Structures are given as structure tokens and as C-alpha cells.
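Below is one structure; the comments refer to it alone.
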Amino acid sequence: MKKTIIKGCVFAATFIVVLIVSSLFLNRGNTDMTAEMKLPELPLVYVNVGEQHVNMMRGFLNAMDEQYMKESVMPIESDRRLSFSVKKYGQSVESLAFEVRSVDGSRLVENTEITNYRTLGDTLTADIVLKDLIEEKTEYGLTFLVNLEDGRCVRYYMRIIQADGYGVEEKLEFVRNFNAATFSDGWPGEFGKNLEPKSDADNTTLSRVTINNTASQIGWAGLEVEQITEPVFTIREISEETASITVEYLVNYIRQGRETYASVEEVYRVRQGTDRMYLLDYERQMSEIFAEDNSAFVGDKIVLGITDPHVEMMESDGGKILAFAQAGVLYSVNVTDNRLSKLFSFYDSEGRDERTFYSGHDFKILQVDEAGNVFFMVYGYISRGRREGYTGAEIYLYNNSLNTVEELAFIPSAKSPEIFEAELERLAYINGKNELYLLMNNQINCVHLDRQTVDVIAENMSGDTYQVSDSNRMIVWQNEGKKYASSSLTLMNLNSGEQMKIEAGSGNYIMPLGFMGEDVIYGVARQSDVILDDTGTMIFPMFQVRIQDENGKVLKTYEKDGFYTTDCSINGNQISLSRVEKDGEGNYTAAPNDQIVSGAAEVVKSNKVITIPVDDFETITEIQMKSAPDSKKLKRLTPKEVLYEGSREIQLPQAEQPMESYYVYGPDGEVTILSTAGEAISLAYEISGTVTGESGAYVWRKDKINTKNQIMAIEASPVTEDKNSLAVCLDTILAYEGIMRNSEYMLTQGKTVQEVLQENLENVQVLDLSGCTLDSVLYYPDREIPVLAMLGDGNAVLIIGFNEKNVVLMNPETDKVYKMGMNDAADWFTENGCHFISYVKK
């Protein structure tokens, strides 16, 4: 889910006062049912760069898994000095310390108490010097430990890297000046040369603008916008030349005669050139804060304003009850009772505490019934209340008749909030038996909320062996957990808990392809047709594709003699099929796509999100309701929170056999989890992101590589009667790493290329880079790591170097190390399936 809300911005006093006054006004004449949520207690920590505060860190009350804590990074120079501050918020700090660990958290490098801090008002500031125990240009985890007088130890996580010349202050200055210039009358001025306007960019909305929009659009398109908070800067990634930096702040403007507020997040990718700073990419997202007053209700419309039209929303069966989330607050509109209820918000009702405006959390609406009750989930970092300082998911029930909100369970996690959110968003469904289904730790977990227990329904759920319907009510998975070798599927209705087995049939394999509504789509392939081609790419040619409902009835069967489906995409009620056919020699060749059109009626919701053009504000987002509440008599309520005894904390079981996942970090810090390195790197290449594995070490990052490099230790080696080119390439890689083996023998014993390398190279992670571009895999020879390229005729070559125009190859067939033009090489590898294998050191 794309984050469009602020993640740590300090709200100005102006907005706070407005919130207080608005709250008092809106609830006049209604019973104030607000139950005070426990106010935040934990301090904030941030790094000082000159006079600027950056990388604001939230406190955690449990030890987190270090390898996943990658929200921010800070380079330190050769003096290993770092300045930081602690904003106490009235807390008594007993002591301070810091730890430095290896990036995976397994090795403690330094643990030092801080005694030389100074106090100014409510802020502690200290300058620390790390010991000479860290290697240059190697990333480490830095944890600040703030020990409070009440005995709690609060941890604050950041990454550091010792490297001179990273130009932190210069890069931050460029971003700060660009941000300020967008509000000035002289915009774009000198920044005009950094913009890249394109004719196909959407210049009709301020909810999202990019480097490809017009200068006018980036300059707020004439809207009188005022920045009312100091922007908060977070360095997400940085290298000698490039950096990804996010900026978060609050703005206001006048709409319909009232002051309106919106949170803004900007993402910058910059590069330090020899003569100036270059803007590689820019994106700004804006999310208006819901008004809650009469101006938000116009006829049958709920006006959300300038915001992303992808609204988290759910309605009751009859459409009279609607729950929706907007800018970090969850609401319920009850047309029958003429109520607007603010179901959940971390905002401080007294408006004095900036920590409550953290938006490192999201909402998942699980169920809305006709009685007005709402099951929902708050997940991510919990910044206030009894769970403050933890990452996890709070599951709540809003009781409409009692006007109360009750926490039913809390599911904690030691992973970062970003990764936890990405995992949880794959599946979350609650049924009428108070059973909550989550796909976490590569398992389908059934959480029994009534008795606070967990059942594991299925294990080994890698990202390419299951499919979930859009409603999350239906899920299908391969029983053997193998994408290309499963003889049956299990289709499960999470509402009823019923499971159905779908058999491939004798001599066949089966694969889930997706859902159309609640109907499952799957394909069947003959086992004899499933092959690993000469490039090492698995071909799964499905001779039949079926659409089947949850009761087991096959609604449609697609089968055309001589044609095989290899993949599909689903859009509405149309399925587009990617196909191959066999040539005269029995090889698979590309065939024209085909389509299946489903006859199933599309589910039409009573309430829907619409966008409309408005003068001065361009496109705004609204919810068009089935029937409108009476805005003049609308009751605005804040439910009481039910108190209870006990913890209601539920630990999900860990997988017995952990599966390798790859984490793609976007420039904004958002995480996508994928099951193969090739998929992860392809996505990171597209979005200018980074990839890490389970150890937390980088697998790949979008960065400018050197203009040339060659692994000089690798020389030409020919094929022999006993060794083909693939075995020669493998032996060459092993020898390069100081290991002598007979790869030909291991291959004849049935070992795969990945197994040969993984079992013989120490402390490395072997990567299947299938589908990656040549440009992206040059990342590895730039770091003195060879890349094995498998060819369509069964041969192989090593990519061992490059310059601006050429790629350097070691080809056993020709017994030569030679150069090939970059474009020619890219075409050649594309024709051969772009099947690459490489590795990284753990």
C-alpha cells in the first residue's frame, strides 16, 4: 500500500489550536464520549547535521531484529564522530549508551556508555566518537539506548557507514532549498534545469506530482499553500554520489472559506556531480486531513479533498454503514443513526504532543455489519497507548450500540514496522466466528480471538505458490509448496473454514493463477511438458486453464490444441493469457496472446470513490454514498475505549523451515517482499530501490557504478573432453574464491548450478538473477564478483568486467577473454533468456 501520509512530522501549534477549537465546536450539543488514551511517554532521538535535525527515530521497548531495521542511515567521517539529541518530553533519563553491531545483528562491535551529554531545557545533546573497530564503507547497525528512571530501556535504531566524501550536508542543502523554492514566487528559478516534464504526465491533480510534471504543477499549480511546520528530513539511502531523502511536513490552504490542512511527503533522489547537484527523481504525495464538519458532506458526497483516490474503505451489506480511513484516522459513517464516529486516532485530544502525529501505522478494515459494528486492525509502529513503543497489529471491535472500541488482541513483531506492514498486507480476514486469518512467517495462521490461541493452517507459503482473492475471503495454495511440481491445490473459504482439494490429475501438475472475484483461476500442465530449458528457465506450459467457484463447479475451461498458457493477467472480467506453441522440433516458441472473458457479474458497491475536477484545487477525491446522512443533524462521536485485565498479546508461531525472502526498499522506505532475487532486483531497478536478503546485507542497490572495472584474476579457460563450458565457468568461479572442485562431476550427479555454488562457496548467498537486465547485473562485476550467464544452446560464459561501451566476457568455447559491445551483449543475453547467476558475501 502506497504511503501518502506523514511518517514523523511535527505538527505546528497553529494546527493544534484549530484541532482543539474544531473538536469543541463539532461536539457541541452531543455527549462527549472520548476516553483518554494513554498519552505518549517515550522520548524522540535525532541526529544533528550542522544546525539541522535529521533521521528522527522512534523508540522501541523491545529488542528488534537488527537486520530489518533500515529506516535511516547516516555516514560518519574518518573521525567517527556523531552528534545526536534526545527530546525527553518530561521523562527523567537515568543513563545513555549506544551499541554498534554487524548489519545482521549477530556481532557486537561496541557497547559504550555516554556520560558527556549536555542538557538544554527538555533536550539532551551528546557528541560520540565510535571506536576504531569498524571497517570503512561497511554498513553497521547503531542503536541508542535511553534508560528511563522508571526502569524501561528504550532503543532507537539507525544504520551508519564510515565514509568520507559522501556530501551529506550538500545533499541535504539541495533538498532543503528545492523544497523551500516550491513555495516561493520565483519558482522554479535555478531548479528548472532539474525538472523533466513529459507530455503524458498527469497535471490534473496535486495528490501526486513527480519530476515529470510541469514546473507549475510542482509549484502547487497556483494554489495558495503555506508550509506550517518545519520539514523533517530522513536519509533513506546514501552513497558517495547518490542519496534518497524523504521530507515530511504539514501545509494549509483555504477551501470553501475554511482553513484546510494536509500532510505532505516528498521523496528525492539526488546525485552529486562535479559541477552541481542533479535531481534524479522526485515525487510528492499530499493527503488532506478530513474536515469532519458540515463542509465534508455535500449532498450524497463525503468530500475527502486532495488525496490519493485509493481509499481504505468497507461497507455493510446494505451499504448504510461505511468505514473509511483518511490521513491516519479511521471513521465510520452510519446513515441509519445519522452518526459520524471517529473510531481510532493517535492524535492527542488536547493537541499538545507532536509524537501522536506519527503515521507509521495503517488501518485494515476487516468487517462492517448492518448493526454498525466494525472490526478493524491498526498495524505498524504503535506511537501511543498501552502498546506504545512496539511494532505489531492491534485488532479492535467497534460496538455501535455501546459506542465503545475494544482491543481484542495484539500481535507483536520484532521486525521493522515497514516489513511487518508488507507481510500483513498479504492476507488479513476475519469471519463470523471471530477467527482472524493472517499470512505471516510464511504460514497461514488462524487466530482464535475468543480463546487467544493460534492454529497453523498451512506452511511453506512462498510468494509464488499461493493466490488470495481481493476480498481476502478465498485463498488457494499448492500443497507440496513447489511452484512447478505440485499435483494438487487446496482452496479454502476463510469465512466458513471449509477446504477443498483440487487435483491436477494423473501425470499432471497444477498451478494457481489468481482470482476473478471469489472464483479461482488455475492451470494444468502435463508433467512431461514441464522442462528446464537450455538457459535454465523453467517452462510450465499449461494445456488447460480453468475457472472454478468455491463450491467446486468449473465455470469455464480454456484449452486449444497445440497452444500452451505460461502466464496470465486479470483485469476486471477479462483474463489475458500469455501463450507458447511447439515448433517442428518440439521446442516452445512464443504465440499470440489470447483472452478469456468471464460471465460472472461484477460486484457493484453501494458506495464508491470518485474523483472530480474543482476550480483552484484541480482533482479532489470524494465518496459517493448510496444515501446521504443529514449533515445538519449529524452526531459526531468519539467512542470510549473498553478497559480490560490481562495482556491479550498473541505470539504467532515461527516457521519450522524459514524461507528466503528478498526485501525491496523504495526510495520512500516502503518495502515489497518477493521470493526470488531476480524479481526483487528487477523491481528495485525499476523504482531505483535497494534489495536485501534475510541477513540484512545488500543483495543489490541502484547506484552509479564505476565507468570501468575488470576482474583481472579471472583468465581464459577452455572446454575439454571432460568439461563443457558450464562446468568450466563454475570451476573458474570456485577457483577465483580459492576452492578447487570438479563441477562437471557434480552436475552429472544432478546438482543444479545454484546448488554447486551454494554448497561449495563459504558464507555467500547465491542469487538466481533470471529476468534481470544486463545493466542491472553489472552491479556484481563492479564489486569484483563474476556473473554466470547461461545460453540457449546449453553453453555458458562469465561476465567479468565492463567499460562505458563494452562488456568483458570469459568464454570457454573460444578460450578467450574479450569485449563485446554493450548493446550487442544486451541483445544477445535477451535472446538467450537473460538467465544470470551470481552471489554476494553474507
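Letters for chains follow the order of the C-alpha cells (A, B, ...), residue numbers begin at 1 for each chain, and ligand numbers begin at 1 in the order shown.
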**Message:** Could you list, as a PyMOL selection string, every residue within 7 Å of range 269-271 of chain A, counting only C-alpha atoms and ignoring same-chain residues fewer than 4 positions away?
**Reply:** chain A and resi 241-245+277-282
**Request:** Run DSSP on the backbone and give me the residues of range 272-489 of chain A it puts in strand (DSSP E), as a VMD selection string.
**Result:** chain A and resid 272 277 to 288 297 to 298 301 to 305 313 to 315 321 to 326 329 to 334 339 to 344 361 to 368 374 to 382 390 to 399 404 to 413 428 to 430 435 to 440 443 to 448 453 to 458 466 to 468 474 to 478 488 to 489
**helix (DSSP H, G or I) call set, DSSP backbone run, range 495-733 of chain A, as a list in words** = Ala677, Gly678, Glu679, Ala680, Ile681, Ser682, Leu683, Ala684, Tyr685, Glu686, Ile687, Ser725, Leu726, Ala727, Val728, Cys729, Leu730, Asp731, Thr732 and Ile733 of chain A
Which residues are close to Val545 in chain A, i.e. within 10 Å by only C-alpha atoms, leaving aside same-chain residues fewer than 6 positions away? Reply as a PDB file with N, CA, C and O atoms, in the first residue's frame.
ATOM      1  N   ILE A 510      -0.185 -28.759 -11.361  1.00  0.00           N
ATOM      2  CA  ILE A 510      -1.214 -27.724 -11.302  1.00  0.00           C
ATOM      3  C   ILE A 510      -0.632 -26.469 -10.659  1.00  0.00           C
ATOM      4  O   ILE A 510       0.252 -26.545  -9.806  1.00  0.00           O
ATOM      5  N   MET A 511      -1.128 -25.300 -11.084  1.00  0.00           N
ATOM      6  CA  MET A 511      -0.614 -24.036 -10.560  1.00  0.00           C
ATOM      7  C   MET A 511      -1.750 -23.024 -10.407  1.00  0.00           C
ATOM      8  O   MET A 511      -2.548 -22.848 -11.330  1.00  0.00           O
ATOM      9  N   PRO A 512      -1.845 -22.336  -9.241  1.00  0.00           N
ATOM     10  CA  PRO A 512      -2.859 -21.281  -9.090  1.00  0.00           C
ATOM     11  C   PRO A 512      -2.411 -20.026  -9.826  1.00  0.00           C
ATOM     12  O   PRO A 512      -1.244 -19.642  -9.769  1.00  0.00           O
ATOM     13  N   LEU A 513      -3.347 -19.372 -10.511  1.00  0.00           N
ATOM     14  CA  LEU A 513      -3.021 -18.189 -11.306  1.00  0.00           C
ATOM     15  C   LEU A 513      -3.640 -16.910 -10.762  1.00  0.00           C
ATOM     16  O   LEU A 513      -3.161 -15.817 -11.072  1.00  0.00           O
ATOM     17  N   ILE A 521      -8.761 -19.189 -10.454  1.00  0.00           N
ATOM     18  CA  ILE A 521      -8.242 -19.480 -11.797  1.00  0.00           C
ATOM     19  C   ILE A 521      -6.968 -20.296 -11.614  1.00  0.00           C
ATOM     20  O   ILE A 521      -6.074 -19.900 -10.855  1.00  0.00           O
ATOM     21  N   TYR A 522      -6.877 -21.428 -12.294  1.00  0.00           N
ATOM     22  CA  TYR A 522      -5.681 -22.253 -12.189  1.00  0.00           C
ATOM     23  C   TYR A 522      -5.399 -22.931 -13.526  1.00  0.00           C
ATOM     24  O   TYR A 522      -6.272 -23.019 -14.397  1.00  0.00           O
ATOM     25  N   GLY A 523      -4.160 -23.388 -13.679  1.00  0.00           N
ATOM     26  CA  GLY A 523      -3.754 -24.042 -14.912  1.00  0.00           C
ATOM     27  C   GLY A 523      -3.204 -25.429 -14.657  1.00  0.00           C
ATOM     28  O   GLY A 523      -2.661 -25.716 -13.582  1.00  0.00           O
ATOM     29  N   VAL A 524      -3.335 -26.286 -15.662  1.00  0.00           N
ATOM     30  CA  VAL A 524      -2.876 -27.674 -15.570  1.00  0.00           C
ATOM     31  C   VAL A 524      -1.878 -27.936 -16.684  1.00  0.00           C
ATOM     32  O   VAL A 524      -2.126 -27.591 -17.848  1.00  0.00           O
ATOM     33  N   ALA A 525      -0.744 -28.527 -16.329  1.00  0.00           N
ATOM     34  CA  ALA A 525       0.299 -28.851 -17.308  1.00  0.00           C
ATOM     35  C   ALA A 525       0.658 -30.333 -17.190  1.00  0.00           C
ATOM     36  O   ALA A 525       0.619 -30.902 -16.092  1.00  0.00           O
ATOM     37  N   LYS A 556     -15.634 -22.378 -16.370  1.00  0.00           N
ATOM     38  CA  LYS A 556     -15.121 -22.235 -17.733  1.00  0.00           C
ATOM     39  C   LYS A 556     -13.810 -22.991 -17.848  1.00  0.00           C
ATOM     40  O   LYS A 556     -12.998 -23.009 -16.921  1.00  0.00           O
ATOM     41  N   THR A 557     -13.613 -23.613 -19.012  1.00  0.00           N
ATOM     42  CA  THR A 557     -12.369 -24.321 -19.318  1.00  0.00           C
ATOM     43  C   THR A 557     -11.821 -23.789 -20.627  1.00  0.00           C
ATOM     44  O   THR A 557     -12.538 -23.726 -21.636  1.00  0.00           O
ATOM     45  N   TYR A 558     -10.552 -23.390 -20.590  1.00  0.00           N
ATOM     46  CA  TYR A 558      -9.879 -22.907 -21.803  1.00  0.00           C
ATOM     47  C   TYR A 558      -8.843 -23.936 -22.223  1.00  0.00           C
ATOM     48  O   TYR A 558      -7.949 -24.286 -21.456  1.00  0.00           O
ATOM     49  N   GLU A 559      -8.948 -24.419 -23.452  1.00  0.00           N
ATOM     50  CA  GLU A 559      -7.984 -25.392 -23.983  1.00  0.00           C
ATOM     51  C   GLU A 559      -8.013 -25.312 -25.509  1.00  0.00           C
ATOM     52  O   GLU A 559      -9.071 -25.442 -26.121  1.00  0.00           O
ATOM     53  N   LYS A 560      -6.847 -25.062 -26.101  1.00  0.00           N
ATOM     54  CA  LYS A 560      -6.742 -25.009 -27.547  1.00  0.00           C
ATOM     55  C   LYS A 560      -5.578 -25.874 -27.988  1.00  0.00           C
ATOM     56  O   LYS A 560      -4.450 -25.701 -27.519  1.00  0.00           O
ATOM     57  N   TYR A 564      -0.208 -23.487 -25.480  1.00  0.00           N
ATOM     58  CA  TYR A 564       0.002 -23.671 -24.043  1.00  0.00           C
ATOM     59  C   TYR A 564       0.090 -22.302 -23.368  1.00  0.00           C
ATOM     60  O   TYR A 564       0.744 -21.393 -23.874  1.00  0.00           O
ATOM     61  N   THR A 565      -0.567 -22.174 -22.219  1.00  0.00           N
ATOM     62  CA  THR A 565      -0.524 -20.933 -21.443  1.00  0.00           C
ATOM     63  C   THR A 565       0.655 -20.970 -20.488  1.00  0.00           C
ATOM     64  O   THR A 565       0.866 -21.973 -19.795  1.00  0.00           O
ATOM     65  N   CYS A 568      -0.732 -15.421 -16.932  1.00  0.00           N
ATOM     66  CA  CYS A 568      -1.964 -14.684 -17.212  1.00  0.00           C
ATOM     67  C   CYS A 568      -2.010 -13.414 -16.386  1.00  0.00           C
ATOM     68  O   CYS A 568      -1.341 -13.289 -15.351  1.00  0.00           O
ATOM     69  N   LEU A 577      -4.087 -14.180 -21.566  1.00  0.00           N
ATOM     70  CA  LEU A 577      -3.228 -15.357 -21.465  1.00  0.00           C
ATOM     71  C   LEU A 577      -1.977 -15.186 -22.312  1.00  0.00           C
ATOM     72  O   LEU A 577      -2.051 -14.869 -23.495  1.00  0.00           O
ATOM     73  N   ILE A 596      -9.746 -14.684 -22.117  1.00  0.00           N
ATOM     74  CA  ILE A 596     -10.963 -15.327 -21.625  1.00  0.00           C
ATOM     75  C   ILE A 596     -11.809 -14.231 -20.994  1.00  0.00           C
ATOM     76  O   ILE A 596     -11.301 -13.420 -20.204  1.00  0.00           O
TER      77      ILE A 596
END
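The residue that comes closest to Glu425 in chain A, out of A:Val86, A:Met790, A:Ala262, A:Ile673 and on the basis of only C-alpha atoms, is A:Ile673.
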